Amino acid sequence: MTYYCHTCGSDQPHRQPRDDRERDVIRELAQKQKPNAFVDDYWICVSAERDCRNIRYAWSTKPFEAPHKMPEPEE
Ligand SMILES: [Zn+2]
């Protein structure tokens, strides 16, 4: 899904959270602002040009006061 990315400053491909770890990251961020936030309404930038991973909301390019990047899995 192509959405505008606030951090990239342009339209970029985005994906939805893909596992429980990512859903937990988003849930924690989202619930500070919206107690009943639906996690799958959040999208992660997968720009081919840079390692962005900025998280946006389906209806808001900048849902959080500061941009939040999806962390890499810990191995
Ligand atoms: Zn981006």
# chains A, B, ... in the order shown; residues from 1 in each chain; ligands from 1
$ closest_atom_pairs --of "chain A" --to "ligand 1" --cutoff "8 Å" --atoms "only C-alpha atoms and all ligand atoms" --output "JSON lines"
{"residue": "A:Tyr4", "atom": "CA", "partner": "ligand 1", "partner_atom_place_in_ligand_line": "1 (Zn)", "distance": 8.0}
{"residue": "A:Cys5", "atom": "CA", "partner": "ligand 1", "partner_atom_place_in_ligand_line": "1 (Zn)", "distance": 4.7}
{"residue": "A:His6", "atom": "CA", "partner": "ligand 1", "partner_atom_place_in_ligand_line": "1 (Zn)", "distance": 6.6}
{"residue": "A:Thr7", "atom": "CA", "partner": "ligand 1", "partner_atom_place_in_ligand_line": "1 (Zn)", "distance": 5.1}
{"residue": "A:Cys8", "atom": "CA", "partner": "ligand 1", "partner_atom_place_in_ligand_line": "1 (Zn)", "distance": 4.2}
{"residue": "A:Gly9", "atom": "CA", "partner": "ligand 1", "partner_atom_place_in_ligand_line": "1 (Zn)", "distance": 7.3}
{"residue": "A:Ser10", "atom": "CA", "partner": "ligand 1", "partner_atom_place_in_ligand_line": "1 (Zn)", "distance": 7.6}
{"residue": "A:Gln12", "atom": "CA", "partner": "ligand 1", "partner_atom_place_in_ligand_line": "1 (Zn)", "distance": 6.3}
{"residue": "A:Ile44", "atom": "CA", "partner": "ligand 1", "partner_atom_place_in_ligand_line": "1 (Zn)", "distance": 7.9}
{"residue": "A:Cys45", "atom": "CA", "partner": "ligand 1", "partner_atom_place_in_ligand_line": "1 (Zn)", "distance": 4.6}
{"residue": "A:Val46", "atom": "CA", "partner": "ligand 1", "partner_atom_place_in_ligand_line": "1 (Zn)", "distance": 6.6}
{"residue": "A:Ser47", "atom": "CA", "partner": "ligand 1", "partner_atom_place_in_ligand_line": "1 (Zn)", "distance": 5.7}
{"residue": "A:Arg50", "atom": "CA", "partner": "ligand 1", "partner_atom_place_in_ligand_line": "1 (Zn)", "distance": 7.7}
{"residue": "A:Asp51", "atom": "CA", "partner": "ligand 1", "partner_atom_place_in_ligand_line": "1 (Zn)", "distance": 7.8}
{"residue": "A:Cys52", "atom": "CA", "partner": "ligand 1", "partner_atom_place_in_ligand_line": "1 (Zn)", "distance": 4.6}
{"residue": "A:Arg53", "atom": "CA", "partner": "ligand 1", "partner_atom_place_in_ligand_line": "1 (Zn)", "distance": 6.1}
{"residue": "A:Asn54", "atom": "CA", "partner": "ligand 1", "partner_atom_place_in_ligand_line": "1 (Zn)", "distance": 5.4}
$ residues_around --residues "Phe38 of chain A" --least-positions-apart "6" --cutoff "10 Å" --atoms "only C-alpha atoms" --output "VMD selection string"
chain A and resid 23 26 to 27 30 to 31 57
$ atom_distance --atom1 "atom CA of Pro63 of chain A" --atom2 "atom CA of Asp20 of chain A"
20.6 Å
$ atom_distance --atom1 "atom CA of Val25 of chain A" --atom2 "atom CA of Pro71 of chain A"
8.4 Å
$ select_by_dssp --residues "segment 27-66 of chain A" --states "alpha helix (DSSP H)" --output "tab-separated table (two decimals) with C-alpha atoms, in the first residue's frame"
chain	number	residue	atom	x	y	z
A	27	ARG	CA	-0.01	-1.26	20.63
A	28	GLU	CA	2.16	0.29	23.30
A	29	LEU	CA	2.67	3.48	21.27
A	30	ALA	CA	-0.91	3.72	20.08
A	31	GLN	CA	-2.63	3.09	23.38
$ closest_residue --among "A:Met1, A:Met70, A:Ala58, A:Ala48" --to "Pro17 of chain A" --atoms "only C-alpha atoms"
A:Met70
$ atom_distance --atom1 "atom CA of Ser60 of chain A" --atom2 "atom CA of Glu74 of chain A"
28.4 Å
$ closest_residue --among "A:Arg18, A:Pro13, A:Asp40, A:Tyr3" --to "Lys62 of chain A" --atoms "only C-alpha atoms"
A:Tyr3
$ select_by_dssp --residues "chain A" --states "strand (DSSP E or B)" --output "PyMOL selection string"
chain A and resi 2-5+10-15+42-45+54-57+60+69
$ write_last_selection --atoms "C-alpha atoms" --output "CSV table (one decimal), in the first residue's frame"
chain,number,residue,atom,x,y,z
A,2,THR,CA,1.5,3.4,-1.0
A,3,TYR,CA,1.1,6.1,1.6
A,4,TYR,CA,2.7,9.4,2.3
A,5,CYS,CA,5.6,9.0,4.8
A,10,SER,CA,7.2,11.4,-0.1
A,11,ASP,CA,4.8,8.6,-1.0
A,12,GLN,CA,6.4,5.3,-0.1
A,13,PRO,CA,5.3,1.6,0.0
A,14,HIS,CA,4.1,0.6,3.5
A,15,ARG,CA,3.3,-2.7,5.1
A,42,TYR,CA,-0.9,1.3,11.6
A,43,TRP,CA,1.5,1.0,8.7
A,44,ILE,CA,5.3,0.8,8.4
A,45,CYS,CA,7.3,2.5,5.7
A,54,ASN,CA,8.6,4.9,10.2
A,55,ILE,CA,5.2,4.0,11.7
A,56,ARG,CA,2.1,5.9,10.5
A,57,TYR,CA,-1.6,5.6,11.1
A,60,SER,CA,-2.8,10.3,9.9
A,69,LYS,CA,10.6,3.7,13.9
$ closest_residue --among "A:Val39, A:Glu65, A:Glu49, A:Trp59" --to "Glu22 of chain A" --atoms "only C-alpha atoms"
A:Val39
$ decode --residues "segment 4-27 of chain A" --atoms "N, CA and C atoms" --output "mmCIF file, in the first residue's frame"
data_model
loop_
_atom_site.group_PDB
_atom_site.id
_atom_site.type_symbol
_atom_site.label_atom_id
_atom_site.label_comp_id
_atom_site.auth_asym_id
_atom_site.auth_seq_id
_atom_site.Cartn_x
_atom_site.Cartn_y
_atom_site.Cartn_z
ATOM 1 N N TYR A 4 1.764 8.358 2.086
ATOM 2 C CA TYR A 4 2.745 9.406 2.312
ATOM 3 C C TYR A 4 3.497 9.108 3.615
ATOM 4 N N CYS A 5 4.826 9.189 3.566
ATOM 5 C CA CYS A 5 5.635 8.980 4.765
ATOM 6 C C CYS A 5 6.167 10.325 5.239
ATOM 7 N N HIS A 6 5.844 10.661 6.473
ATOM 8 C CA HIS A 6 6.263 11.944 7.032
ATOM 9 C C HIS A 6 7.782 12.053 7.129
ATOM 10 N N THR A 7 8.434 10.950 7.450
ATOM 11 C CA THR A 7 9.889 10.972 7.624
ATOM 12 C C THR A 7 10.613 11.042 6.277
ATOM 13 N N CYS A 8 10.125 10.286 5.284
ATOM 14 C CA CYS A 8 10.729 10.333 3.946
ATOM 15 C C CYS A 8 10.343 11.622 3.216
ATOM 16 N N GLY A 9 9.177 12.158 3.536
ATOM 17 C CA GLY A 9 8.697 13.351 2.846
ATOM 18 C C GLY A 9 8.158 13.052 1.457
ATOM 19 N N SER A 10 7.758 11.811 1.210
ATOM 20 C CA SER A 10 7.226 11.439 -0.101
ATOM 21 C C SER A 10 6.360 10.191 0.038
ATOM 22 N N ASP A 11 5.645 9.849 -1.037
ATOM 23 C CA ASP A 11 4.842 8.628 -1.040
ATOM 24 C C ASP A 11 5.765 7.418 -1.097
ATOM 25 N N GLN A 12 5.516 6.458 -0.222
ATOM 26 C CA GLN A 12 6.386 5.283 -0.140
ATOM 27 C C GLN A 12 5.535 4.040 0.106
ATOM 28 N N PRO A 13 6.041 2.873 -0.302
ATOM 29 C CA PRO A 13 5.323 1.633 0.036
ATOM 30 C C PRO A 13 5.318 1.407 1.550
ATOM 31 N N HIS A 14 4.216 0.905 2.046
ATOM 32 C CA HIS A 14 4.078 0.599 3.479
ATOM 33 C C HIS A 14 3.550 -0.814 3.636
ATOM 34 N N ARG A 15 3.839 -1.403 4.763
ATOM 35 C CA ARG A 15 3.268 -2.705 5.087
ATOM 36 C C ARG A 15 2.627 -2.630 6.462
ATOM 37 N N GLN A 16 1.765 -3.602 6.745
ATOM 38 C CA GLN A 16 1.154 -3.695 8.062
ATOM 39 C C GLN A 16 2.080 -4.456 9.001
ATOM 40 N N PRO A 17 1.878 -4.353 10.320
ATOM 41 C CA PRO A 17 2.687 -5.147 11.246
ATOM 42 C C PRO A 17 2.549 -6.626 10.897
ATOM 43 N N ARG A 18 3.651 -7.367 10.968
ATOM 44 C CA ARG A 18 3.620 -8.739 10.446
ATOM 45 C C ARG A 18 3.665 -9.820 11.511
ATOM 46 N N ASP A 19 3.927 -9.441 12.767
ATOM 47 C CA ASP A 19 3.921 -10.481 13.793
ATOM 48 C C ASP A 19 3.546 -9.857 15.147
ATOM 49 N N ASP A 20 3.471 -10.701 16.168
ATOM 50 C CA ASP A 20 3.023 -10.223 17.475
ATOM 51 C C ASP A 20 4.002 -9.218 18.085
ATOM 52 N N ARG A 21 5.293 -9.408 17.794
ATOM 53 C CA ARG A 21 6.281 -8.458 18.327
ATOM 54 C C ARG A 21 5.993 -7.044 17.802
ATOM 55 N N GLU A 22 5.758 -6.952 16.486
ATOM 56 C CA GLU A 22 5.492 -5.636 15.903
ATOM 57 C C GLU A 22 4.152 -5.085 16.382
ATOM 58 N N ARG A 23 3.172 -5.960 16.521
ATOM 59 C CA ARG A 23 1.874 -5.487 17.020
ATOM 60 C C ARG A 23 2.008 -4.947 18.439
ATOM 61 N N ASP A 24 2.853 -5.608 19.253
ATOM 62 C CA ASP A 24 3.058 -5.147 20.628
ATOM 63 C C ASP A 24 3.718 -3.768 20.655
ATOM 64 N N VAL A 25 4.700 -3.557 19.779
ATOM 65 C CA VAL A 25 5.370 -2.249 19.703
ATOM 66 C C VAL A 25 4.344 -1.166 19.391
ATOM 67 N N ILE A 26 3.519 -1.445 18.379
ATOM 68 C CA ILE A 26 2.537 -0.456 17.952
ATOM 69 C C ILE A 26 1.462 -0.262 19.020
ATOM 70 N N ARG A 27 1.036 -1.357 19.632
ATOM 71 C CA ARG A 27 -0.011 -1.262 20.634
ATOM 72 C C ARG A 27 0.423 -0.344 21.778
#
